[in-house]
Amino acid sequence: MQSLALEAANIFKWDDPITEVRGEAINNFDGALFPDEGRKRWLLLYNNALKSLGRIKFTQAHELGHYLLHRHDREFFQCTDEDMVDFDLDERDIEAEADSFASTLLMPLDDFRSQMADEAHLDAISGCAERYGVSLTAALLRWLEYTEHNAVMLIHRDGYVLKSKASQPAFRCGAFFPSRRKVIAVPGAVLASSEVSKNTIGVETDAKLWFPHVASGTTLREMKITADHYDFAISLLVLPRGASAWKPRFPSDN
């Protein structure tokens with residue numbers, strides 16, 4: 001990634017190259033892109049105190065995206081961990097564009113699809129994360145972009161959902177969590193709230209525990225993995241195709 005960043009200007013015959021890619025222990029952001037006084041040379045910084053090599057790699061690709069796409073739009077760029085794979089950014093936001101660039105560069109979609117086939121579990125997605133050298137979160141977000149499964153990713157800690165992301169099919173069927181707008185507690189009798197730290201294949205769970213308006217008898221597959229370097233866990237919920245989690249218009253519909 002560092003070599004690509006240093007060669008980017010040569011590829012496009014630009015006269016304002018990235019001339020240095022440097023890691024530093026910086027407290028307030030994960031990555032940055034700074035020009036010199038004449039805006040003829042750029043420095044790409046990344047936080048080398050990050051414990052995840054996948055996160056460092058994604059940060060470098062994210063800043064390269066800013067260089068290629070946005071360097072004429074801002075004086076400089078300082079990106080926090082909230083800017084990296086932010087679940088809720090508008091697709092037109094430059095941070096979302098830099099995320100999309102990094103995902104496309106590091107995880108080519110055709111190859112990603114071929115690796116996943118029609119699988120829908122954390123074991124297969126973890127394999128993709130290892131293949132591309134990225135974090136599990138980044139690989140999960142890439143999968144959620146295109147999958148036809150009713151799938152929802154949750155990041156949670158201390159019994160509460162911090163962030164969530166639903167696939168388009170899941171969103172259309174009402175299976176999503178508006179975690180930005182309100183505090184959402186993790187249900188008590190589910191894998192996510194158990195002492196189990198890792199189950200990447202999944203267990204069958206009564207879907208009503210997560211989505212109270214699904215049809216009675218519906219189950220979902222629930223997976224969980226606790227992040228090694230961070231104080232949170234990632235869960236993946238996969239509902240059956242054709243399930244609906246929308247509140248019925250009439251009580252008799254449920």
# chains A, B, ... in the order shown; residues from 1 in each chain; ligands from 1
>>> residues_around(residues="stretch 176-178 of chain A", least_positions_apart="6", cutoff="9 Å", atoms="only C-alpha atoms", output="ChimeraX atom specification")
/A:151-152,154,161,163-167,170,184,211,245
>>> write_last_selection(atoms="C-alpha atoms", output="compact mmCIF listing (two decimals), in the first residue's frame")
# COMPACT_ATOMS: atom_id res chain seq x y z
CA ALA A 151 -28.24 -9.87 7.35
CA VAL A 152 -27.56 -7.36 10.12
CA LEU A 154 -24.07 -5.29 15.28
CA VAL A 161 -25.65 -1.74 20.58
CA LYS A 163 -23.43 0.60 15.81
CA SER A 164 -25.36 -1.49 13.34
CA LYS A 165 -25.53 -2.05 9.61
CA ALA A 166 -28.16 -3.95 7.63
CA SER A 167 -27.92 -5.36 4.13
CA ALA A 170 -32.70 -6.78 5.52
CA ILE A 184 -30.81 -0.15 21.98
CA PHE A 211 -37.35 -8.56 16.01
CA ALA A 245 -39.75 -7.67 10.62
>>> residues_around(residues="A:Arg55", least_positions_apart="4", cutoff="12 Å", atoms="only C-alpha atoms", output="PDB file with all heavy atoms, in the first residue's frame")
ATOM      1  N   ASP A  30      -6.688   8.473  13.235  1.00  0.00           N
ATOM      2  CA  ASP A  30      -6.085   7.246  12.704  1.00  0.00           C
ATOM      3  C   ASP A  30      -5.182   7.515  11.516  1.00  0.00           C
ATOM      4  O   ASP A  30      -4.211   6.801  11.277  1.00  0.00           O
ATOM      5  CB  ASP A  30      -7.178   6.267  12.267  1.00  0.00           C
ATOM      6  CG  ASP A  30      -7.812   5.538  13.436  1.00  0.00           C
ATOM      7  OD1 ASP A  30      -7.537   5.925  14.587  1.00  0.00           O
ATOM      8  OD2 ASP A  30      -8.569   4.582  13.214  1.00  0.00           O
ATOM      9  N   GLY A  31      -5.542   8.508  10.710  1.00  0.00           N
ATOM     10  CA  GLY A  31      -4.771   8.801   9.512  1.00  0.00           C
ATOM     11  C   GLY A  31      -4.891  10.263   9.149  1.00  0.00           C
ATOM     12  O   GLY A  31      -5.801  10.969   9.579  1.00  0.00           O
ATOM     13  N   TYR A  46      -0.178   7.681   9.261  1.00  0.00           N
ATOM     14  CA  TYR A  46      -1.100   6.727   9.854  1.00  0.00           C
ATOM     15  C   TYR A  46      -0.657   6.456  11.286  1.00  0.00           C
ATOM     16  O   TYR A  46       0.522   6.610  11.629  1.00  0.00           O
ATOM     17  CB  TYR A  46      -1.166   5.421   9.056  1.00  0.00           C
ATOM     18  CG  TYR A  46       0.148   4.670   8.976  1.00  0.00           C
ATOM     19  CD1 TYR A  46       0.466   3.678   9.902  1.00  0.00           C
ATOM     20  CD2 TYR A  46       1.085   4.951   7.978  1.00  0.00           C
ATOM     21  CE1 TYR A  46       1.667   2.994   9.845  1.00  0.00           C
ATOM     22  CE2 TYR A  46       2.287   4.273   7.906  1.00  0.00           C
ATOM     23  CZ  TYR A  46       2.575   3.300   8.837  1.00  0.00           C
ATOM     24  OH  TYR A  46       3.772   2.625   8.784  1.00  0.00           O
ATOM     25  N   ASN A  47      -1.592   6.085  12.100  1.00  0.00           N
ATOM     26  CA  ASN A  47      -1.325   5.842  13.509  1.00  0.00           C
ATOM     27  C   ASN A  47      -0.733   4.451  13.686  1.00  0.00           C
ATOM     28  O   ASN A  47      -1.452   3.452  13.619  1.00  0.00           O
ATOM     29  CB  ASN A  47      -2.625   5.986  14.307  1.00  0.00           C
ATOM     30  CG  ASN A  47      -2.400   5.922  15.806  1.00  0.00           C
ATOM     31  OD1 ASN A  47      -1.303   5.603  16.263  1.00  0.00           O
ATOM     32  ND2 ASN A  47      -3.428   6.219  16.572  1.00  0.00           N
ATOM     33  N   ASN A  48       0.569   4.374  13.906  1.00  0.00           N
ATOM     34  CA  ASN A  48       1.192   3.060  14.042  1.00  0.00           C
ATOM     35  C   ASN A  48       1.021   2.470  15.437  1.00  0.00           C
ATOM     36  O   ASN A  48       1.528   1.385  15.723  1.00  0.00           O
ATOM     37  CB  ASN A  48       2.676   3.107  13.651  1.00  0.00           C
ATOM     38  CG  ASN A  48       3.499   4.022  14.530  1.00  0.00           C
ATOM     39  OD1 ASN A  48       3.020   4.558  15.530  1.00  0.00           O
ATOM     40  ND2 ASN A  48       4.754   4.236  14.151  1.00  0.00           N
ATOM     41  N   ALA A  49       0.277   3.173  16.295  1.00  0.00           N
ATOM     42  CA  ALA A  49      -0.067   2.601  17.595  1.00  0.00           C
ATOM     43  C   ALA A  49      -1.298   1.711  17.506  1.00  0.00           C
ATOM     44  O   ALA A  49      -1.626   1.004  18.464  1.00  0.00           O
ATOM     45  CB  ALA A  49      -0.313   3.718  18.614  1.00  0.00           C
ATOM     46  N   LEU A  50      -1.976   1.734  16.368  1.00  0.00           N
ATOM     47  CA  LEU A  50      -3.126   0.845  16.185  1.00  0.00           C
ATOM     48  C   LEU A  50      -2.661  -0.603  16.259  1.00  0.00           C
ATOM     49  O   LEU A  50      -1.643  -0.972  15.671  1.00  0.00           O
ATOM     50  CB  LEU A  50      -3.798   1.107  14.832  1.00  0.00           C
ATOM     51  CG  LEU A  50      -4.433   2.489  14.636  1.00  0.00           C
ATOM     52  CD1 LEU A  50      -4.917   2.640  13.194  1.00  0.00           C
ATOM     53  CD2 LEU A  50      -5.582   2.692  15.605  1.00  0.00           C
ATOM     54  N   LYS A  51      -3.418  -1.437  16.949  1.00  0.00           N
ATOM     55  CA  LYS A  51      -3.001  -2.816  17.155  1.00  0.00           C
ATOM     56  C   LYS A  51      -3.400  -3.733  16.004  1.00  0.00           C
ATOM     57  O   LYS A  51      -2.869  -4.832  15.869  1.00  0.00           O
ATOM     58  CB  LYS A  51      -3.596  -3.339  18.466  1.00  0.00           C
ATOM     59  CG  LYS A  51      -3.072  -2.592  19.693  1.00  0.00           C
ATOM     60  CD  LYS A  51      -3.718  -3.094  20.978  1.00  0.00           C
ATOM     61  CE  LYS A  51      -3.200  -2.336  22.181  1.00  0.00           C
ATOM     62  NZ  LYS A  51      -3.834  -2.791  23.450  1.00  0.00           N
ATOM     63  N   THR A  59      -6.658   2.251   6.764  1.00  0.00           N
ATOM     64  CA  THR A  59      -6.402   3.679   6.969  1.00  0.00           C
ATOM     65  C   THR A  59      -5.521   4.233   5.859  1.00  0.00           C
ATOM     66  O   THR A  59      -5.789   5.312   5.309  1.00  0.00           O
ATOM     67  CB  THR A  59      -5.730   3.907   8.332  1.00  0.00           C
ATOM     68  OG1 THR A  59      -6.635   3.513   9.371  1.00  0.00           O
ATOM     69  CG2 THR A  59      -5.361   5.367   8.524  1.00  0.00           C
ATOM     70  N   GLN A  60      -4.459   3.528   5.510  1.00  0.00           N
ATOM     71  CA  GLN A  60      -3.583   3.979   4.435  1.00  0.00           C
ATOM     72  C   GLN A  60      -4.344   4.089   3.119  1.00  0.00           C
ATOM     73  O   GLN A  60      -4.185   5.074   2.375  1.00  0.00           O
ATOM     74  CB  GLN A  60      -2.398   3.020   4.289  1.00  0.00           C
ATOM     75  CG  GLN A  60      -1.450   3.021   5.470  1.00  0.00           C
ATOM     76  CD  GLN A  60      -0.409   1.917   5.380  1.00  0.00           C
ATOM     77  OE1 GLN A  60      -0.574   0.943   4.641  1.00  0.00           O
ATOM     78  NE2 GLN A  60       0.661   2.058   6.134  1.00  0.00           N
ATOM     79  N   ALA A  61      -5.188   3.094   2.822  1.00  0.00           N
ATOM     80  CA  ALA A  61      -5.974   3.130   1.586  1.00  0.00           C
ATOM     81  C   ALA A  61      -7.002   4.257   1.619  1.00  0.00           C
ATOM     82  O   ALA A  61      -7.267   4.906   0.599  1.00  0.00           O
ATOM     83  CB  ALA A  61      -6.662   1.780   1.374  1.00  0.00           C
ATOM     84  N   HIS A  62      -7.578   4.507   2.779  1.00  0.00           N
ATOM     85  CA  HIS A  62      -8.548   5.596   2.946  1.00  0.00           C
ATOM     86  C   HIS A  62      -7.885   6.944   2.642  1.00  0.00           C
ATOM     87  O   HIS A  62      -8.445   7.775   1.905  1.00  0.00           O
ATOM     88  CB  HIS A  62      -9.081   5.559   4.379  1.00  0.00           C
ATOM     89  CG  HIS A  62     -10.058   6.630   4.723  1.00  0.00           C
ATOM     90  ND1 HIS A  62     -11.426   6.421   4.727  1.00  0.00           N
ATOM     91  CD2 HIS A  62      -9.880   7.931   5.105  1.00  0.00           C
ATOM     92  CE1 HIS A  62     -12.042   7.539   5.086  1.00  0.00           C
ATOM     93  NE2 HIS A  62     -11.121   8.469   5.324  1.00  0.00           N
ATOM     94  N   THR A  80     -10.531  10.396  11.881  1.00  0.00           N
ATOM     95  CA  THR A  80     -10.622   9.658  13.140  1.00  0.00           C
ATOM     96  C   THR A  80     -11.114   8.247  12.864  1.00  0.00           C
ATOM     97  O   THR A  80     -11.488   7.892  11.759  1.00  0.00           O
ATOM     98  CB  THR A  80     -11.599  10.341  14.103  1.00  0.00           C
ATOM     99  OG1 THR A  80     -12.930  10.260  13.552  1.00  0.00           O
ATOM    100  CG2 THR A  80     -11.230  11.807  14.295  1.00  0.00           C
ATOM    101  N   ASP A  81     -11.173   7.469  13.950  1.00  0.00           N
ATOM    102  CA  ASP A  81     -11.687   6.120  13.802  1.00  0.00           C
ATOM    103  C   ASP A  81     -13.172   6.132  13.412  1.00  0.00           C
ATOM    104  O   ASP A  81     -13.673   5.240  12.768  1.00  0.00           O
ATOM    105  CB  ASP A  81     -11.382   5.357  15.103  1.00  0.00           C
ATOM    106  CG  ASP A  81     -12.553   4.873  15.817  1.00  0.00           C
ATOM    107  OD1 ASP A  81     -13.523   5.173  15.322  1.00  0.00           O
ATOM    108  OD2 ASP A  81     -12.543   4.182  16.834  1.00  0.00           O
ATOM    109  N   MET A  84     -13.446   6.041   9.621  1.00  0.00           N
ATOM    110  CA  MET A  84     -13.079   4.786   8.979  1.00  0.00           C
ATOM    111  C   MET A  84     -14.249   3.808   9.101  1.00  0.00           C
ATOM    112  O   MET A  84     -14.687   3.500  10.204  1.00  0.00           O
ATOM    113  CB  MET A  84     -11.845   4.170   9.637  1.00  0.00           C
ATOM    114  CG  MET A  84     -10.650   5.092   9.672  1.00  0.00           C
ATOM    115  SD  MET A  84      -9.978   5.415   8.033  1.00  0.00           S
ATOM    116  CE  MET A  84      -8.930   6.824   8.417  1.00  0.00           C
ATOM    117  N   VAL A  85     -14.721   3.332   7.971  1.00  0.00           N
ATOM    118  CA  VAL A  85     -15.868   2.423   7.909  1.00  0.00           C
ATOM    119  C   VAL A  85     -17.009   2.876   8.809  1.00  0.00           C
ATOM    120  O   VAL A  85     -17.549   2.108   9.590  1.00  0.00           O
ATOM    121  CB  VAL A  85     -15.461   0.951   8.207  1.00  0.00           C
ATOM    122  CG1 VAL A  85     -14.582   0.415   7.111  1.00  0.00           C
ATOM    123  CG2 VAL A  85     -14.741   0.782   9.544  1.00  0.00           C
ATOM    124  N   ASP A  99     -13.835   5.700   2.073  1.00  0.00           N
ATOM    125  CA  ASP A  99     -14.083   4.329   2.523  1.00  0.00           C
ATOM    126  C   ASP A  99     -14.376   3.410   1.345  1.00  0.00           C
ATOM    127  O   ASP A  99     -13.872   2.280   1.269  1.00  0.00           O
ATOM    128  CB  ASP A  99     -15.277   4.286   3.479  1.00  0.00           C
ATOM    129  CG  ASP A  99     -14.914   4.670   4.903  1.00  0.00           C
ATOM    130  OD1 ASP A  99     -13.715   4.801   5.203  1.00  0.00           O
ATOM    131  OD2 ASP A  99     -15.839   4.844   5.711  1.00  0.00           O
ATOM    132  N   ALA A 102     -11.230   2.648  -0.560  1.00  0.00           N
ATOM    133  CA  ALA A 102     -10.382   1.691   0.151  1.00  0.00           C
ATOM    134  C   ALA A 102     -10.947   0.283   0.051  1.00  0.00           C
ATOM    135  O   ALA A 102     -10.203  -0.686  -0.174  1.00  0.00           O
ATOM    136  CB  ALA A 102     -10.244   2.110   1.615  1.00  0.00           C
ATOM    137  N   SER A 103     -12.262   0.146   0.204  1.00  0.00           N
ATOM    138  CA  SER A 103     -12.884  -1.176   0.111  1.00  0.00           C
ATOM    139  C   SER A 103     -12.705  -1.783  -1.270  1.00  0.00           C
ATOM    140  O   SER A 103     -12.393  -2.970  -1.416  1.00  0.00           O
ATOM    141  CB  SER A 103     -14.384  -1.072   0.437  1.00  0.00           C
ATOM    142  OG  SER A 103     -14.586  -0.744   1.785  1.00  0.00           O
ATOM    143  N   LEU A 106      -8.910  -2.727  -1.816  1.00  0.00           N
ATOM    144  CA  LEU A 106      -8.392  -3.832  -1.004  1.00  0.00           C
ATOM    145  C   LEU A 106      -9.186  -5.125  -1.164  1.00  0.00           C
ATOM    146  O   LEU A 106      -8.632  -6.202  -0.960  1.00  0.00           O
ATOM    147  CB  LEU A 106      -8.387  -3.423   0.469  1.00  0.00           C
ATOM    148  CG  LEU A 106      -7.506  -2.226   0.837  1.00  0.00           C
ATOM    149  CD1 LEU A 106      -7.698  -1.865   2.302  1.00  0.00           C
ATOM    150  CD2 LEU A 106      -6.044  -2.510   0.542  1.00  0.00           C
ATOM    151  N   ALA A 129     -11.356 -11.581   5.298  1.00  0.00           N
ATOM    152  CA  ALA A 129     -10.570 -10.564   5.990  1.00  0.00           C
ATOM    153  C   ALA A 129      -9.090 -10.941   6.002  1.00  0.00           C
ATOM    154  O   ALA A 129      -8.215 -10.093   5.775  1.00  0.00           O
ATOM    155  CB  ALA A 129     -11.094 -10.375   7.415  1.00  0.00           C
ATOM    156  N   TYR A 132      -7.513 -10.578   2.359  1.00  0.00           N
ATOM    157  CA  TYR A 132      -7.244  -9.216   1.893  1.00  0.00           C
ATOM    158  C   TYR A 132      -6.455  -8.389   2.896  1.00  0.00           C
ATOM    159  O   TYR A 132      -6.108  -7.244   2.609  1.00  0.00           O
ATOM    160  CB  TYR A 132      -8.560  -8.510   1.565  1.00  0.00           C
ATOM    161  CG  TYR A 132      -9.393  -9.261   0.554  1.00  0.00           C
ATOM    162  CD1 TYR A 132     -10.660  -9.738   0.886  1.00  0.00           C
ATOM    163  CD2 TYR A 132      -8.920  -9.526  -0.728  1.00  0.00           C
ATOM    164  CE1 TYR A 132     -11.432 -10.439  -0.028  1.00  0.00           C
ATOM    165  CE2 TYR A 132      -9.672 -10.234  -1.646  1.00  0.00           C
ATOM    166  CZ  TYR A 132     -10.930 -10.684  -1.295  1.00  0.00           C
ATOM    167  OH  TYR A 132     -11.683 -11.392  -2.207  1.00  0.00           O
ATOM    168  N   GLY A 133      -6.193  -8.959   4.060  1.00  0.00           N
ATOM    169  CA  GLY A 133      -5.411  -8.228   5.062  1.00  0.00           C
ATOM    170  C   GLY A 133      -6.138  -7.044   5.644  1.00  0.00           C
ATOM    171  O   GLY A 133      -5.533  -5.999   5.905  1.00  0.00           O
ATOM    172  N   VAL A 134      -7.464  -7.187   5.854  1.00  0.00           N
ATOM    173  CA  VAL A 134      -8.260  -6.095   6.414  1.00  0.00           C
ATOM    174  C   VAL A 134      -8.921  -6.572   7.695  1.00  0.00           C
ATOM    175  O   VAL A 134      -8.861  -7.748   8.047  1.00  0.00           O
ATOM    176  CB  VAL A 134      -9.333  -5.619   5.404  1.00  0.00           C
ATOM    177  CG1 VAL A 134      -8.672  -5.100   4.129  1.00  0.00           C
ATOM    178  CG2 VAL A 134     -10.325  -6.737   5.072  1.00  0.00           C
ATOM    179  N   SER A 135      -9.580  -5.651   8.380  1.00  0.00           N
ATOM    180  CA  SER A 135     -10.282  -6.019   9.610  1.00  0.00           C
ATOM    181  C   SER A 135     -11.563  -6.772   9.280  1.00  0.00           C
ATOM    182  O   SER A 135     -12.107  -6.666   8.174  1.00  0.00           O
ATOM    183  CB  SER A 135     -10.614  -4.763  10.421  1.00  0.00           C
ATOM    184  OG  SER A 135     -11.593  -3.986   9.741  1.00  0.00           O
ATOM    185  N   LEU A 136     -12.058  -7.508  10.266  1.00  0.00           N
ATOM    186  CA  LEU A 136     -13.322  -8.215  10.095  1.00  0.00           C
ATOM    187  C   LEU A 136     -14.460  -7.226   9.829  1.00  0.00           C
ATOM    188  O   LEU A 136     -15.344  -7.489   9.007  1.00  0.00           O
ATOM    189  CB  LEU A 136     -13.631  -9.051  11.341  1.00  0.00           C
ATOM    190  CG  LEU A 136     -14.975  -9.787  11.345  1.00  0.00           C
ATOM    191  CD1 LEU A 136     -15.060 -10.788  10.195  1.00  0.00           C
ATOM    192  CD2 LEU A 136     -15.199 -10.479  12.683  1.00  0.00           C
ATOM    193  N   THR A 137     -14.440  -6.091  10.500  1.00  0.00           N
ATOM    194  CA  THR A 137     -15.480  -5.082  10.282  1.00  0.00           C
ATOM    195  C   THR A 137     -15.501  -4.619   8.837  1.00  0.00           C
ATOM    196  O   THR A 137     -16.570  -4.513   8.220  1.00  0.00           O
ATOM    197  CB  THR A 137     -15.265  -3.879  11.212  1.00  0.00           C
ATOM    198  OG1 THR A 137     -15.238  -4.312  12.570  1.00  0.00           O
ATOM    199  CG2 THR A 137     -16.373  -2.852  11.046  1.00  0.00           C
ATOM    200  N   ALA A 138     -14.328  -4.327   8.279  1.00  0.00           N
ATOM    201  CA  ALA A 138     -14.262  -3.873   6.885  1.00  0.00           C
ATOM    202  C   ALA A 138     -14.776  -4.949   5.932  1.00  0.00           C
ATOM    203  O   ALA A 138     -15.503  -4.656   4.973  1.00  0.00           O
ATOM    204  CB  ALA A 138     -12.828  -3.485   6.529  1.00  0.00           C
ATOM    205  N   ALA A 139     -14.410  -6.203   6.187  1.00  0.00           N
ATOM    206  CA  ALA A 139     -14.875  -7.293   5.325  1.00  0.00           C
ATOM    207  C   ALA A 139     -16.381  -7.489   5.453  1.00  0.00           C
ATOM    208  O   ALA A 139     -17.072  -7.735   4.456  1.00  0.00           O
ATOM    209  CB  ALA A 139     -14.141  -8.588   5.676  1.00  0.00           C
ATOM    210  N   HIS A 229      -8.526  -6.813  20.116  1.00  0.00           N
ATOM    211  CA  HIS A 229      -7.790  -5.639  20.583  1.00  0.00           C
ATOM    212  C   HIS A 229      -8.684  -4.526  21.117  1.00  0.00           C
ATOM    213  O   HIS A 229      -8.187  -3.516  21.581  1.00  0.00           O
ATOM    214  CB  HIS A 229      -6.939  -5.077  19.444  1.00  0.00           C
ATOM    215  CG  HIS A 229      -6.017  -6.085  18.831  1.00  0.00           C
ATOM    216  ND1 HIS A 229      -5.053  -6.746  19.563  1.00  0.00           N
ATOM    217  CD2 HIS A 229      -5.913  -6.558  17.567  1.00  0.00           C
ATOM    218  CE1 HIS A 229      -4.384  -7.575  18.773  1.00  0.00           C
ATOM    219  NE2 HIS A 229      -4.893  -7.481  17.562  1.00  0.00           N
ATOM    220  N   TYR A 230     -10.000  -4.705  21.024  1.00  0.00           N
ATOM    221  CA  TYR A 230     -10.909  -3.638  21.410  1.00  0.00           C
ATOM    222  C   TYR A 230     -11.991  -4.188  22.326  1.00  0.00           C
ATOM    223  O   TYR A 230     -12.337  -5.362  22.285  1.00  0.00           O
ATOM    224  CB  TYR A 230     -11.542  -2.989  20.166  1.00  0.00           C
ATOM    225  CG  TYR A 230     -10.491  -2.511  19.197  1.00  0.00           C
ATOM    226  CD1 TYR A 230     -10.196  -3.257  18.063  1.00  0.00           C
ATOM    227  CD2 TYR A 230      -9.789  -1.340  19.431  1.00  0.00           C
ATOM    228  CE1 TYR A 230      -9.212  -2.836  17.178  1.00  0.00           C
ATOM    229  CE2 TYR A 230      -8.813  -0.918  18.557  1.00  0.00           C
ATOM    230  CZ  TYR A 230      -8.528  -1.661  17.437  1.00  0.00           C
ATOM    231  OH  TYR A 230      -7.544  -1.254  16.575  1.00  0.00           O
TER     232      TYR A 230
END
>>> select_by_dssp(residues="stretch 145-186 of chain A", states="helix (DSSP H, G or I)", output="list in words")
Glu145, Tyr146, Gln168, Pro169, Ala170, Phe171 and Arg172 of chain A
>>> select_by_dssp(residues="stretch 10-225 of chain A", states="strand (DSSP E)", output="ChimeraX atom specification")
/A:18-24,31-35,42-47,77-79,150-157,160-166,198-206,219-225
>>> closest_residue(among="A:Leu64, A:Leu6, A:Leu109, A:Val238", to="A:Leu122", atoms="only C-alpha atoms")
A:Val238
>>> residues_around(residues="A:Trp210", least_positions_apart="4", cutoff="12 Å", atoms="only C-alpha atoms", output="PyMOL selection string")
chain A and resi 152+154+161+174-177+184-193+205-206+214+218-222+236-239+245
